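Trainee: A single structure is presented below for examination.
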Amino acid sequence: MAVFLARGLTVLTVSPSPSPGDGGLRAGLTADQITPGLLGFVMTAFMVIAVILLMVSMTRRIRRVRYRGQLSDAGDAGDTAD
């Protein structure tokens with residue numbers, strides 16, 4: 001049991017490769033080559049806006065169907081009561 005604990009502690013003390021202080025980039029790469037840039041931002045913003053609009057539309061449709069169902073149920077109840 002002590003051997004496994006010692007191995008676990010040595011794994012935790014090993015420094016990561018590449019180390020965080022090196023910049024983390026391979027040789028020949030710049031930060032501009034690996035960031036999403038303006039196009040990534042525009043596409044993400046478009047997706048967020050599209051999802052919000054779809055949620056609003058879905059909420060309206062669900063309310064409309066629920067309201068029509070309530071009117072239909074009230075009409076059926078009124079017909080059977082006569």
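Every chain in the structure tokens takes a letter, A first, then B, and so on in the order presented; its residues are numbered from 1, and the ligands are numbered from 1 following the presented order.
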Could you give me the residues within chain A that DSSP places in helix (DSSP H, G or I), as a VMD selection string?

Mentor: chain A and resid 2 to 13 20 to 22 31 to 34 37 to 81
